[in-house]
$ cat entry.cif   # mmCIF, C-alpha atoms and all ligand atoms
data_start
loop_
_atom_site.group_PDB
_atom_site.id
_atom_site.type_symbol
_atom_site.label_atom_id
_atom_site.label_comp_id
_atom_site.auth_asym_id
_atom_site.auth_seq_id
_atom_site.Cartn_x
_atom_site.Cartn_y
_atom_site.Cartn_z
ATOM 1 C CA MET A 1 90.475 70.520 137.899
ATOM 2 C CA SER A 2 93.966 70.016 139.356
ATOM 3 C CA GLU A 3 95.657 72.402 141.810
ATOM 4 C CA PRO A 4 97.701 75.242 140.351
ATOM 5 C CA TYR A 5 101.334 74.366 139.858
ATOM 6 C CA ILE A 6 102.660 77.858 139.262
ATOM 7 C CA ARG A 7 100.957 80.633 141.221
ATOM 8 C CA LEU A 8 101.548 84.355 140.794
ATOM 9 C CA SER A 9 99.784 86.456 143.430
ATOM 10 C CA ASN A 10 99.727 90.244 143.100
ATOM 11 C CA VAL A 11 103.151 90.136 141.483
ATOM 12 C CA GLY A 12 104.834 93.354 140.492
ATOM 13 C CA LYS A 13 108.225 94.405 139.315
ATOM 14 C CA SER A 14 109.968 97.766 139.359
ATOM 15 C CA TYR A 15 113.406 98.194 137.885
ATOM 16 C CA GLN A 16 115.753 100.752 139.394
ATOM 17 C CA THR A 17 117.479 102.565 136.569
ATOM 18 C CA LYS A 18 119.762 105.561 136.576
ATOM 19 C CA ASN A 19 116.835 107.621 135.306
ATOM 20 C CA GLY A 20 114.539 106.471 138.072
ATOM 21 C CA VAL A 21 112.159 103.615 138.710
ATOM 22 C CA VAL A 22 110.582 101.745 135.785
ATOM 23 C CA GLU A 23 107.447 99.863 136.682
ATOM 24 C CA ALA A 24 107.441 96.893 134.327
ATOM 25 C CA CYS A 25 104.301 95.115 135.535
ATOM 26 C CA SER A 26 101.948 95.083 138.469
ATOM 27 C CA ASP A 27 99.036 93.191 140.033
ATOM 28 C CA ILE A 28 99.787 90.015 138.123
ATOM 29 C CA ASN A 29 97.554 87.195 139.322
ATOM 30 C CA LEU A 30 97.857 83.965 137.420
ATOM 31 C CA ASP A 31 97.534 80.281 138.277
ATOM 32 C CA ILE A 32 98.987 77.735 135.884
ATOM 33 C CA ARG A 33 98.119 74.076 136.229
ATOM 34 C CA GLN A 34 100.561 71.271 135.663
ATOM 35 C CA SER A 35 100.709 70.326 131.986
ATOM 36 C CA GLU A 36 98.874 73.448 130.957
ATOM 37 C CA PHE A 37 100.034 75.533 127.988
ATOM 38 C CA VAL A 38 99.677 79.227 128.741
ATOM 39 C CA ALA A 39 100.560 81.953 126.268
ATOM 40 C CA ILE A 40 101.108 85.582 127.243
ATOM 41 C CA VAL A 41 100.418 88.078 124.521
ATOM 42 C CA GLY A 42 100.877 91.802 124.828
ATOM 43 C CA PRO A 43 102.453 94.915 123.397
ATOM 44 C CA SER A 44 106.164 95.581 123.482
ATOM 45 C CA GLY A 45 107.419 96.592 126.913
ATOM 46 C CA CYS A 46 104.384 95.361 128.891
ATOM 47 C CA GLY A 47 106.546 93.095 131.018
ATOM 48 C CA LYS A 48 106.134 89.688 129.361
ATOM 49 C CA THR A 49 109.821 88.779 129.507
ATOM 50 C CA THR A 50 110.010 90.135 133.034
ATOM 51 C CA ILE A 51 107.183 87.834 134.115
ATOM 52 C CA MET A 52 108.870 84.822 132.544
ATOM 53 C CA LYS A 53 112.199 85.642 134.184
ATOM 54 C CA MET A 54 110.555 86.112 137.563
ATOM 55 C CA VAL A 55 108.811 82.738 137.316
ATOM 56 C CA ALA A 56 112.096 81.104 136.299
ATOM 57 C CA GLY A 57 113.775 82.768 139.282
ATOM 58 C CA LEU A 58 116.124 84.751 137.062
ATOM 59 C CA GLN A 59 114.794 88.132 138.150
ATOM 60 C CA PRO A 60 113.534 89.005 141.647
ATOM 61 C CA TYR A 61 110.013 90.380 141.952
ATOM 62 C CA THR A 62 109.418 93.515 143.946
ATOM 63 C CA ALA A 63 105.815 92.841 144.972
ATOM 64 C CA GLY A 64 103.596 89.841 145.631
ATOM 65 C CA SER A 65 104.656 86.233 145.534
ATOM 66 C CA ILE A 66 105.389 83.454 143.081
ATOM 67 C CA THR A 67 105.251 79.801 144.052
ATOM 68 C CA ILE A 68 105.945 76.658 142.070
ATOM 69 C CA GLY A 69 104.599 73.448 143.551
ATOM 70 C CA GLY A 70 103.917 75.409 146.729
ATOM 71 C CA GLN A 71 107.561 76.559 147.070
ATOM 72 C CA ARG A 72 108.307 80.256 146.953
ATOM 73 C CA VAL A 73 110.490 81.185 143.987
ATOM 74 C CA ASP A 74 113.531 82.992 145.355
ATOM 75 C CA LYS A 75 116.357 81.598 143.230
ATOM 76 C CA PRO A 76 116.917 80.306 139.693
ATOM 77 C CA GLN A 77 114.740 77.276 139.069
ATOM 78 C CA THR A 78 116.396 74.099 137.850
ATOM 79 C CA ASP A 79 113.247 72.306 136.772
ATOM 80 C CA VAL A 80 112.782 74.523 133.753
ATOM 81 C CA GLY A 81 113.956 74.707 130.161
ATOM 82 C CA ILE A 82 114.067 78.128 128.529
ATOM 83 C CA VAL A 83 114.070 79.053 124.845
ATOM 84 C CA PHE A 84 114.961 82.657 124.032
ATOM 85 C CA GLN A 85 114.293 84.645 120.885
ATOM 86 C CA GLU A 86 117.825 84.260 119.610
ATOM 87 C CA ALA A 87 119.235 80.763 119.489
ATOM 88 C CA ILE A 88 122.460 81.250 121.415
ATOM 89 C CA MET A 89 124.880 78.524 120.532
ATOM 90 C CA LEU A 90 128.547 77.690 120.909
ATOM 91 C CA ASP A 91 129.954 77.643 117.398
ATOM 92 C CA TRP A 92 132.780 75.262 118.215
ATOM 93 C CA ARG A 93 130.389 72.625 119.501
ATOM 94 C CA ASP A 94 128.390 70.526 117.063
ATOM 95 C CA VAL A 95 124.596 70.281 117.247
ATOM 96 C CA LEU A 96 124.556 67.291 119.581
ATOM 97 C CA ALA A 97 127.153 68.890 121.864
ATOM 98 C CA ASN A 98 125.139 72.110 121.942
ATOM 99 C CA VAL A 99 122.099 70.172 123.146
ATOM 100 C CA MET A 100 124.291 68.312 125.638
ATOM 101 C CA LEU A 101 125.578 71.620 126.987
ATOM 102 C CA GLN A 102 122.600 71.628 129.326
ATOM 103 C CA ILE A 103 123.708 68.247 130.698
ATOM 104 C CA ASP A 104 127.354 69.307 130.979
ATOM 105 C CA ILE A 105 126.532 72.522 132.828
ATOM 106 C CA ARG A 106 124.329 70.633 135.252
ATOM 107 C CA LYS A 107 126.949 67.896 135.610
ATOM 108 C CA MET A 108 124.373 65.251 134.760
ATOM 109 C CA ASP A 109 125.093 61.795 133.376
ATOM 110 C CA ARG A 110 126.196 62.178 129.718
ATOM 111 C CA LYS A 111 125.678 58.494 128.930
ATOM 112 C CA LYS A 112 122.116 58.575 130.158
ATOM 113 C CA TYR A 113 121.143 61.790 128.390
ATOM 114 C CA GLU A 114 122.859 61.474 125.024
ATOM 115 C CA PRO A 115 120.121 59.124 123.732
ATOM 116 C CA VAL A 116 117.533 61.627 124.992
ATOM 117 C CA ALA A 117 119.293 64.395 123.047
ATOM 118 C CA ARG A 118 119.342 62.256 119.918
ATOM 119 C CA ASP A 119 115.641 61.414 120.292
ATOM 120 C CA LEU A 120 114.756 65.089 120.674
ATOM 121 C CA LEU A 121 116.789 66.003 117.598
ATOM 122 C CA LYS A 122 114.953 63.302 115.694
ATOM 123 C CA ALA A 123 111.572 64.499 116.951
ATOM 124 C CA THR A 124 112.329 68.024 115.742
ATOM 125 C CA GLY A 125 113.455 66.915 112.293
ATOM 126 C CA LEU A 126 117.181 67.237 112.943
ATOM 127 C CA ALA A 127 118.216 63.590 112.638
ATOM 128 C CA GLY A 128 121.357 63.526 110.515
ATOM 129 C CA PHE A 129 122.447 67.001 111.688
ATOM 130 C CA GLU A 130 123.944 65.890 115.010
ATOM 131 C CA ASN A 131 127.501 66.581 113.889
ATOM 132 C CA LYS A 132 126.904 69.820 112.023
ATOM 133 C CA LYS A 133 128.172 73.053 113.476
ATOM 134 C CA PRO A 134 125.574 75.737 114.384
ATOM 135 C CA TYR A 135 126.774 78.038 111.578
ATOM 136 C CA GLU A 136 125.855 75.332 109.072
ATOM 137 C CA LEU A 137 122.191 75.518 110.123
ATOM 138 C CA SER A 138 119.301 77.780 109.141
ATOM 139 C CA GLY A 139 117.719 80.066 111.756
ATOM 140 C CA GLY A 140 114.808 77.670 112.149
ATOM 141 C CA MET A 141 117.101 74.693 112.659
ATOM 142 C CA ARG A 142 119.107 76.611 115.249
ATOM 143 C CA GLN A 143 115.939 77.395 117.124
ATOM 144 C CA ARG A 144 114.976 73.718 117.035
ATOM 145 C CA VAL A 145 118.348 72.917 118.603
ATOM 146 C CA SER A 146 117.540 75.447 121.352
ATOM 147 C CA ILE A 147 114.226 73.713 121.980
ATOM 148 C CA CYS A 148 115.995 70.335 122.264
ATOM 149 C CA ARG A 149 118.521 71.855 124.651
ATOM 150 C CA ALA A 150 115.722 73.285 126.784
ATOM 151 C CA LEU A 151 114.086 69.878 127.089
ATOM 152 C CA VAL A 152 116.998 67.440 127.276
ATOM 153 C CA HIS A 153 117.299 67.361 131.078
ATOM 154 C CA GLY A 154 113.613 66.502 131.402
ATOM 155 C CA PRO A 155 112.321 69.670 133.127
ATOM 156 C CA ASN A 156 108.679 69.933 134.173
ATOM 157 C CA MET A 157 108.403 73.445 132.782
ATOM 158 C CA LEU A 158 109.141 74.849 129.363
ATOM 159 C CA MET A 159 109.363 78.617 128.975
ATOM 160 C CA MET A 160 109.643 80.268 125.601
ATOM 161 C CA ASP A 161 110.273 83.959 125.095
ATOM 162 C CA GLU A 162 109.256 84.874 121.559
ATOM 163 C CA PRO A 163 111.074 81.808 120.273
ATOM 164 C CA PHE A 164 109.947 82.446 116.704
ATOM 165 C CA GLY A 165 110.494 86.202 116.751
ATOM 166 C CA ALA A 166 113.582 86.159 114.566
ATOM 167 C CA LEU A 167 112.247 83.621 112.054
ATOM 168 C CA ASP A 168 110.545 84.017 108.691
ATOM 169 C CA ALA A 169 106.800 83.428 108.517
ATOM 170 C CA LEU A 170 106.951 79.954 106.990
ATOM 171 C CA THR A 171 109.511 78.702 109.493
ATOM 172 C CA ARG A 172 107.466 80.184 112.325
ATOM 173 C CA GLU A 173 104.476 78.181 111.180
ATOM 174 C CA GLN A 174 106.456 74.970 110.947
ATOM 175 C CA ILE A 175 108.084 75.386 114.354
ATOM 176 C CA SER A 176 104.714 76.246 115.925
ATOM 177 C CA MET A 177 103.465 72.903 114.696
ATOM 178 C CA ASP A 178 106.602 71.184 116.020
ATOM 179 C CA ILE A 179 106.119 72.789 119.430
ATOM 180 C CA GLN A 180 102.516 71.662 119.460
ATOM 181 C CA HIS A 181 103.527 68.069 118.729
ATOM 182 C CA LEU A 182 106.341 68.088 121.286
ATOM 183 C CA TRP A 183 104.008 69.517 123.890
ATOM 184 C CA MET A 184 101.308 66.946 123.122
ATOM 185 C CA GLU A 185 103.878 64.184 123.622
ATOM 186 C CA THR A 186 105.502 65.562 126.754
ATOM 187 C CA ARG A 187 102.733 67.664 128.359
ATOM 188 C CA LYS A 188 105.228 70.033 129.957
ATOM 189 C CA THR A 189 103.825 72.968 131.834
ATOM 190 C CA ALA A 190 104.457 75.623 129.215
ATOM 191 C CA LEU A 191 104.681 79.401 129.351
ATOM 192 C CA HIS A 192 104.923 80.928 125.916
ATOM 193 C CA ILE A 193 105.522 84.608 125.333
ATOM 194 C CA THR A 194 104.609 86.111 122.024
ATOM 195 C CA HIS A 195 103.508 89.218 120.152
ATOM 196 C CA SER A 196 101.478 87.074 117.802
ATOM 197 C CA ILE A 197 97.768 86.634 118.478
ATOM 198 C CA PRO A 198 97.304 83.668 116.086
ATOM 199 C CA GLU A 199 100.373 81.918 117.500
ATOM 200 C CA ALA A 200 99.005 82.277 121.042
ATOM 201 C CA VAL A 201 95.580 80.941 120.029
ATOM 202 C CA LEU A 202 97.112 78.103 118.033
ATOM 203 C CA LEU A 203 99.243 76.805 120.872
ATOM 204 C CA ALA A 204 97.636 77.648 124.173
ATOM 205 C CA ASP A 205 95.032 76.271 126.542
ATOM 206 C CA ARG A 206 94.712 79.799 127.872
ATOM 207 C CA VAL A 207 95.854 83.131 126.521
ATOM 208 C CA VAL A 208 96.787 85.848 128.985
ATOM 209 C CA VAL A 209 96.172 89.217 127.353
ATOM 210 C CA MET A 210 98.226 92.083 128.755
ATOM 211 C CA GLY A 211 97.800 95.821 128.475
ATOM 212 C CA PRO A 212 100.550 98.373 127.875
ATOM 213 C CA ARG A 213 103.217 99.237 130.425
ATOM 214 C CA PRO A 214 103.068 99.020 133.351
ATOM 215 C CA GLY A 215 101.715 95.683 132.227
ATOM 216 C CA ARG A 216 98.598 94.319 133.806
ATOM 217 C CA ILE A 217 96.530 91.340 132.833
ATOM 218 C CA VAL A 218 93.476 92.578 130.982
ATOM 219 C CA GLU A 219 91.819 89.239 130.350
ATOM 220 C CA ILE A 220 92.553 85.521 130.387
ATOM 221 C CA ILE A 221 90.863 83.596 127.599
ATOM 222 C CA ASP A 222 90.253 79.849 127.571
ATOM 223 C CA ILE A 223 90.976 78.414 124.147
ATOM 224 C CA ASP A 224 88.576 75.557 123.784
ATOM 225 C CA LEU A 225 89.795 74.006 120.545
ATOM 226 C CA PRO A 226 90.669 70.330 120.055
ATOM 227 C CA ARG A 227 94.275 69.339 119.310
ATOM 228 C CA PRO A 228 96.133 68.820 117.157
ATOM 229 C CA ARG A 229 95.259 72.251 115.783
ATOM 230 C CA ARG A 230 96.104 72.477 112.123
ATOM 231 C CA LEU A 231 97.063 75.704 110.467
ATOM 232 C CA ASP A 232 95.529 74.515 107.219
ATOM 233 C CA ARG A 233 92.210 73.678 108.875
ATOM 234 C CA LEU A 234 91.543 76.388 111.379
ATOM 235 C CA PRO A 235 87.943 76.378 112.570
ATOM 236 C CA GLU A 236 85.771 79.461 112.702
ATOM 237 C CA ARG A 237 86.221 79.594 116.469
ATOM 238 C CA PHE A 238 89.969 80.079 116.027
ATOM 239 C CA HIS A 239 89.256 83.312 114.192
ATOM 240 C CA GLU A 240 86.685 84.320 116.808
ATOM 241 C CA TYR A 241 89.256 83.952 119.582
ATOM 242 C CA SER A 242 91.803 85.930 117.579
ATOM 243 C CA SER A 243 89.281 88.711 116.894
ATOM 244 C CA ARG A 244 88.325 88.859 120.545
ATOM 245 C CA ILE A 245 91.958 89.385 121.553
ATOM 246 C CA ARG A 246 92.425 91.962 118.793
ATOM 247 C CA ASP A 247 89.324 93.802 120.097
ATOM 248 C CA ILE A 248 90.829 93.889 123.591
ATOM 249 C CA PHE A 249 93.988 95.464 122.182
ATOM 250 C CA LYS A 250 91.908 97.968 120.237
ATOM 251 C CA SER A 251 89.992 98.913 123.378
ATOM 252 C CA LYS A 252 93.296 99.474 125.200
ATOM 253 C CA GLY A 253 94.670 101.643 122.410
ATOM 254 C CA VAL A 254 97.347 99.079 121.558
ATOM 255 C CA LEU A 255 95.953 98.459 118.068
ATOM 256 C CA ALA A 256 94.367 100.985 115.760
ATOM 257 C CA MET A 257 92.674 99.611 112.650
ATOM 258 C CA ASP A 258 91.232 102.818 111.182
HETATM 259 N N1 LIG A 301 117.026 94.986 133.335
HETATM 260 C C1 LIG A 301 116.200 96.027 133.175
HETATM 261 N N2 LIG A 301 116.489 97.239 133.709
HETATM 262 C C2 LIG A 301 115.669 98.279 133.572
HETATM 263 N N3 LIG A 301 114.498 98.227 132.913
HETATM 264 C C3 LIG A 301 114.145 97.075 132.368
HETATM 265 C C4 LIG A 301 114.983 95.904 132.447
HETATM 266 N N4 LIG A 301 114.376 94.885 131.789
HETATM 267 C C5 LIG A 301 113.223 95.390 131.310
HETATM 268 N N5 LIG A 301 113.081 96.698 131.660
HETATM 269 C C6 LIG A 301 111.937 97.564 131.336
HETATM 270 O O1 LIG A 301 110.754 96.956 131.818
HETATM 271 C C7 LIG A 301 109.700 97.069 130.884
HETATM 272 C C8 LIG A 301 109.205 95.683 130.516
HETATM 273 O O2 LIG A 301 110.230 94.996 129.795
HETATM 274 P P1 LIG A 301 110.042 93.504 129.264
HETATM 275 O O3 LIG A 301 111.265 93.155 128.508
HETATM 276 O O4 LIG A 301 109.633 92.624 130.378
HETATM 277 O O5 LIG A 301 108.787 93.691 128.283
HETATM 278 P P2 LIG A 301 108.257 92.768 127.113
HETATM 279 O O6 LIG A 301 106.776 92.805 127.181
HETATM 280 O O7 LIG A 301 108.891 91.421 127.185
HETATM 281 O O8 LIG A 301 108.775 93.555 125.845
HETATM 282 P P3 LIG A 301 109.088 93.032 124.348
HETATM 283 O O9 LIG A 301 107.804 92.451 123.849
HETATM 284 O O10 LIG A 301 109.473 94.279 123.618
HETATM 285 O O11 LIG A 301 110.189 92.022 124.464
HETATM 286 C C9 LIG A 301 110.258 97.857 129.715
HETATM 287 O O12 LIG A 301 109.907 99.213 129.883
HETATM 288 C C10 LIG A 301 111.751 97.688 129.833
HETATM 289 O O13 LIG A 301 112.429 98.820 129.351
#
$ encode --input "entry.cif" --output "structure tokens" --more "lines below"
Ligand SMILES: Nc1ncnc2c1ncn2[C@@H]1O[C@H](COP(=O)(O)OP(=O)(O)OP(=O)(O)O)[C@@H](O)[C@H]1O
Amino acid sequence: MSEPYIRLSNVGKSYQTKNGVVEACSDINLDIRQSEFVAIVGPSGCGKTTIMKMVAGLQPYTAGSITIGGQRVDKPQTDVGIVFQEAIMLDWRDVLANVMLQIDIRKMDRKKYEPVARDLLKATGLAGFENKKPYELSGGMRQRVSICRALVHGPNMLMMDEPFGALDALTREQISMDIQHLWMETRKTALHITHSIPEAVLLADRVVVMGPRPGRIVEIIDIDLPRPRRLDRLPERFHEYSSRIRDIFKSKGVLAMD
């Protein structure tokens, strides 16, 4: 087993607000190996987004330590692509130019990366849409553009914060499959935040299950299922993993079935 690439040791975060201190998460211990796909699933407000932002260096932590490749995270990380819930796009730029935004902001070589952007658009089913404007796309297509933009500069890490949250169920399913294929091709170290138990089990090597705020890790579950995982042929074990996670949420009072 390879050394951990991302390491969170006793990490905690408290926000200072005008109404006092909000403890978002505490005692977070998590090692993520290179090329591993880790999903974090947990109830609203348990600190999932906070954890992702702290790992990406976008939010300082107030306890513990985070290292990536042995280096302490104390500033925004450049070796990461992030996909947020809402596909934020510049309406005056076409699809290709929105993907290339990442390259422009980082002042990287346009000539070198434009073919990469085109390849990513092709891989996500957007060939032929390069010159469309964002407002001409569906929500799912816009989110695909965001995924391409997150990957175009070739980062080692891909972080996704409920990337399918605003999409309809069918589109969510399709994009989950797209993410799986992209990940299988690129083997980025992936951190995926979701409210959806089946989505976490479908995509991840390990699912981190969090309890309610202040969020703590309740359990980390290895998902031992071969890939590609197909939504139309989910094995019995897929449902067993999902039930196990649901049971954890029930035991923590997050889910009530009766
Ligand atoms: N910038 C901030 N200032 C103050 N409090 C914050 C800030 N960001 C988050 N919080 C609080 O920290 C807690 C955790 O928030 P966070 O967004 O990390 O949770 P989450 O699990 O991602 O939630 P959701 O699933 O609803 O997106 C919440 O109580 C939230 O109100």
$ closest_residue --input "entry.cif" --among "A:Val41, A:Leu8, A:Met100, A:Ile82" --to "Gly69 in chain A" --atoms "all atoms listed in the file"
A:Leu8
$ resolve_selection --input "entry.cif" --expression "the PyMOL selection byres (((chain A and resi 119) around 12) and not hetatm)" --output "ChimeraX atom specification"
/A:96,99,113-118,120-128,130,145,148-149,151-152,182
$ closest_atom_pairs --input "entry.cif" --of "chain A" --to "ligand LIG 301 (chain A)" --cutoff "8 Å" --atoms "only C-alpha atoms and all ligand atoms" --output "Markdown table"
| residue | atom | partner | partner_atom | distance |
| --- | --- | --- | --- | --- |
| A:Ser14 | CA | A:LIG301 | O1 | 7.6 |
| A:Tyr15 | CA | A:LIG301 | C2 | 4.9 |
| A:Gln16 | CA | A:LIG301 | C2 | 6.3 |
| A:Thr17 | CA | A:LIG301 | C2 | 5.5 |
| A:Val22 | CA | A:LIG301 | N3 | 6.0 |
| A:Glu23 | CA | A:LIG301 | O1 | 6.6 |
| A:Ala24 | CA | A:LIG301 | C7 | 4.1 |
| A:Cys25 | CA | A:LIG301 | C8 | 7.0 |
| A:Gly42 | CA | A:LIG301 | O6 | 6.4 |
| A:Pro43 | CA | A:LIG301 | O9 | 5.9 |
| A:Ser44 | CA | A:LIG301 | O9 | 3.6 |
| A:Gly45 | CA | A:LIG301 | O5 | 3.5 |
| A:Cys46 | CA | A:LIG301 | O6 | 3.9 |
| A:Gly47 | CA | A:LIG301 | O4 | 3.2 |
| A:Lys48 | CA | A:LIG301 | O6 | 3.9 |
| A:Thr49 | CA | A:LIG301 | O7 | 3.6 |
| A:Thr50 | CA | A:LIG301 | O4 | 3.7 |
| A:Ile51 | CA | A:LIG301 | O4 | 6.6 |
| A:Asp161 | CA | A:LIG301 | O7 | 7.9 |
| A:Glu162 | CA | A:LIG301 | O11 | 7.8 |
| A:Ile193 | CA | A:LIG301 | O7 | 7.8 |
| A:Thr194 | CA | A:LIG301 | O9 | 7.3 |
| A:His195 | CA | A:LIG301 | O9 | 6.5 |
| A:Arg213 | CA | A:LIG301 | O12 | 6.7 |
| A:Pro214 | CA | A:LIG301 | C7 | 7.3 |
| A:Gly215 | CA | A:LIG301 | C8 | 7.7 |
$ write_last_selection --input "entry.cif" --atoms "C-alpha atoms" --output "JSON list (two decimals), in the frame of the given file"
[["chain", "number", "residue", "atom", "x", "y", "z"],
["A", 14, "SER", "CA", 109.97, 97.77, 139.36],
["A", 15, "TYR", "CA", 113.41, 98.19, 137.88],
["A", 16, "GLN", "CA", 115.75, 100.75, 139.39],
["A", 17, "THR", "CA", 117.48, 102.56, 136.57],
["A", 22, "VAL", "CA", 110.58, 101.74, 135.78],
["A", 23, "GLU", "CA", 107.45, 99.86, 136.68],
["A", 24, "ALA", "CA", 107.44, 96.89, 134.33],
["A", 25, "CYS", "CA", 104.30, 95.12, 135.54],
["A", 42, "GLY", "CA", 100.88, 91.80, 124.83],
["A", 43, "PRO", "CA", 102.45, 94.92, 123.40],
["A", 44, "SER", "CA", 106.16, 95.58, 123.48],
["A", 45, "GLY", "CA", 107.42, 96.59, 126.91],
["A", 46, "CYS", "CA", 104.38, 95.36, 128.89],
["A", 47, "GLY", "CA", 106.55, 93.10, 131.02],
["A", 48, "LYS", "CA", 106.13, 89.69, 129.36],
["A", 49, "THR", "CA", 109.82, 88.78, 129.51],
["A", 50, "THR", "CA", 110.01, 90.14, 133.03],
["A", 51, "ILE", "CA", 107.18, 87.83, 134.12],
["A", 161, "ASP", "CA", 110.27, 83.96, 125.10],
["A", 162, "GLU", "CA", 109.26, 84.87, 121.56],
["A", 193, "ILE", "CA", 105.52, 84.61, 125.33],
["A", 194, "THR", "CA", 104.61, 86.11, 122.02],
["A", 195, "HIS", "CA", 103.51, 89.22, 120.15],
["A", 213, "ARG", "CA", 103.22, 99.24, 130.43],
["A", 214, "PRO", "CA", 103.07, 99.02, 133.35],
["A", 215, "GLY", "CA", 101.72, 95.68, 132.23]]
$ closest_residue --input "entry.cif" --among "A:Ala39, A:Leu191, A:Ala87, A:Met108" --to "Arg142 in chain A" --atoms "all atoms listed in the file"
A:Ala87
$ axis_aligned_box --input "entry.cif" --around "range 95-110 of chain A" --padding-each-side "4 Å" --output "JSON"
{"center_x": 124.7, "center_y": 67.2, "center_z": 126.4, "size_x": 13.3, "size_y": 18.7, "size_z": 26.4}
$ resolve_selection --input "entry.cif" --expression "the PyMOL selection byres (((chain A and resi 32-36) around 9) and not hetatm)" --output "number ranges by chain"
A: 1-8, 30-31, 37-38, 156-157, 183, 186-191, 204-206
$ write_last_selection --input "entry.cif" --atoms "C-alpha atoms" --output "short mmCIF file (atom, residue, chain, number, x, y, z; two decimals), in the coordinates of the input"
data_model
loop_
_atom_site.label_atom_id
_atom_site.label_comp_id
_atom_site.auth_asym_id
_atom_site.auth_seq_id
_atom_site.Cartn_x
_atom_site.Cartn_y
_atom_site.Cartn_z
CA MET A 1 90.48 70.52 137.90
CA SER A 2 93.97 70.02 139.36
CA GLU A 3 95.66 72.40 141.81
CA PRO A 4 97.70 75.24 140.35
CA TYR A 5 101.33 74.37 139.86
CA ILE A 6 102.66 77.86 139.26
CA ARG A 7 100.96 80.63 141.22
CA LEU A 8 101.55 84.36 140.79
CA LEU A 30 97.86 83.96 137.42
CA ASP A 31 97.53 80.28 138.28
CA PHE A 37 100.03 75.53 127.99
CA VAL A 38 99.68 79.23 128.74
CA ASN A 156 108.68 69.93 134.17
CA MET A 157 108.40 73.44 132.78
CA TRP A 183 104.01 69.52 123.89
CA THR A 186 105.50 65.56 126.75
CA ARG A 187 102.73 67.66 128.36
CA LYS A 188 105.23 70.03 129.96
CA THR A 189 103.82 72.97 131.83
CA ALA A 190 104.46 75.62 129.22
CA LEU A 191 104.68 79.40 129.35
CA ALA A 204 97.64 77.65 124.17
CA ASP A 205 95.03 76.27 126.54
CA ARG A 206 94.71 79.80 127.87
#
$ atom_distance --input "entry.cif" --atom1 "CA of Pro212 in chain A" --atom2 "CA of Ile40 in chain A"
12.8 Å
$ closest_residue --input "entry.cif" --among "A:Asp232, A:Glu219, A:Asp104, A:Asp27" --to "Asn10 in chain A" --atoms "only C-alpha atoms"
A:Asp27
$ closest_residue --input "entry.cif" --among "A:Gln85, A:Gln143, A:Ser196, A:Asn29" --to "Ser65 in chain A" --atoms "all atoms listed in the file"
A:Asn29
$ resolve_selection --input "entry.cif" --expression "the PyMOL selection byres (((chain A and resi 66) around 9) and not hetatm)" --output "list in words"
Ile6, Arg7, Leu8, Ser9, Asn10, Val11, Met54, Val55, Tyr61, Gly64, Ser65, Thr67, Ile68, Gly70, Gln71, Arg72, Val73 and Asp74 of chain A
$ atom_distance --input "entry.cif" --atom1 "CA of His181 in chain A" --atom2 "CA of Gly140 in chain A"
16.2 Å
$ closest_residue --input "entry.cif" --among "A:Met160, A:Ala63, A:Ile147, A:Leu234" --to "Lys13 in chain A" --atoms "only C-alpha atoms"
A:Ala63
$ decode --input "entry.cif" --residues "range 170-180 of chain A" --atoms "N, CA and C atoms" --output "PDB file, in the first residue's frame"
ATOM      1  N   LEU A 170     -31.696  11.986 -13.664  1.00  0.00           N
ATOM      2  CA  LEU A 170     -31.126  11.285 -14.820  1.00  0.00           C
ATOM      3  C   LEU A 170     -29.752  11.842 -15.179  1.00  0.00           C
ATOM      4  N   THR A 171     -29.656  13.181 -15.159  1.00  0.00           N
ATOM      5  CA  THR A 171     -28.379  13.812 -15.494  1.00  0.00           C
ATOM      6  C   THR A 171     -27.329  13.466 -14.452  1.00  0.00           C
ATOM      7  N   ARG A 172     -27.754  13.419 -13.200  1.00  0.00           N
ATOM      8  CA  ARG A 172     -26.825  13.021 -12.124  1.00  0.00           C
ATOM      9  C   ARG A 172     -26.234  11.654 -12.428  1.00  0.00           C
ATOM     10  N   GLU A 173     -27.102  10.738 -12.830  1.00  0.00           N
ATOM     11  CA  GLU A 173     -26.628   9.377 -13.099  1.00  0.00           C
ATOM     12  C   GLU A 173     -25.610   9.388 -14.238  1.00  0.00           C
ATOM     13  N   GLN A 174     -25.949  10.130 -15.296  1.00  0.00           N
ATOM     14  CA  GLN A 174     -25.061  10.146 -16.451  1.00  0.00           C
ATOM     15  C   GLN A 174     -23.715  10.763 -16.075  1.00  0.00           C
ATOM     16  N   ILE A 175     -23.755  11.875 -15.357  1.00  0.00           N
ATOM     17  CA  ILE A 175     -22.479  12.538 -15.021  1.00  0.00           C
ATOM     18  C   ILE A 175     -21.678  11.699 -14.034  1.00  0.00           C
ATOM     19  N   SER A 176     -22.361  10.953 -13.156  1.00  0.00           N
ATOM     20  CA  SER A 176     -21.612  10.047 -12.263  1.00  0.00           C
ATOM     21  C   SER A 176     -20.815   9.044 -13.092  1.00  0.00           C
ATOM     22  N   MET A 177     -21.461   8.543 -14.141  1.00  0.00           N
ATOM     23  CA  MET A 177     -20.761   7.571 -14.982  1.00  0.00           C
ATOM     24  C   MET A 177     -19.595   8.247 -15.705  1.00  0.00           C
ATOM     25  N   ASP A 178     -19.818   9.484 -16.154  1.00  0.00           N
ATOM     26  CA  ASP A 178     -18.741  10.222 -16.837  1.00  0.00           C
ATOM     27  C   ASP A 178     -17.548  10.432 -15.897  1.00  0.00           C
ATOM     28  N   ILE A 179     -17.874  10.808 -14.658  1.00  0.00           N
ATOM     29  CA  ILE A 179     -16.794  11.039 -13.679  1.00  0.00           C
ATOM     30  C   ILE A 179     -16.017   9.747 -13.462  1.00  0.00           C
ATOM     31  N   GLN A 180     -16.774   8.643 -13.346  1.00  0.00           N
ATOM     32  CA  GLN A 180     -16.100   7.366 -13.146  1.00  0.00           C
ATOM     33  C   GLN A 180     -15.122   7.083 -14.293  1.00  0.00           C
TER      34      GLN A 180
END
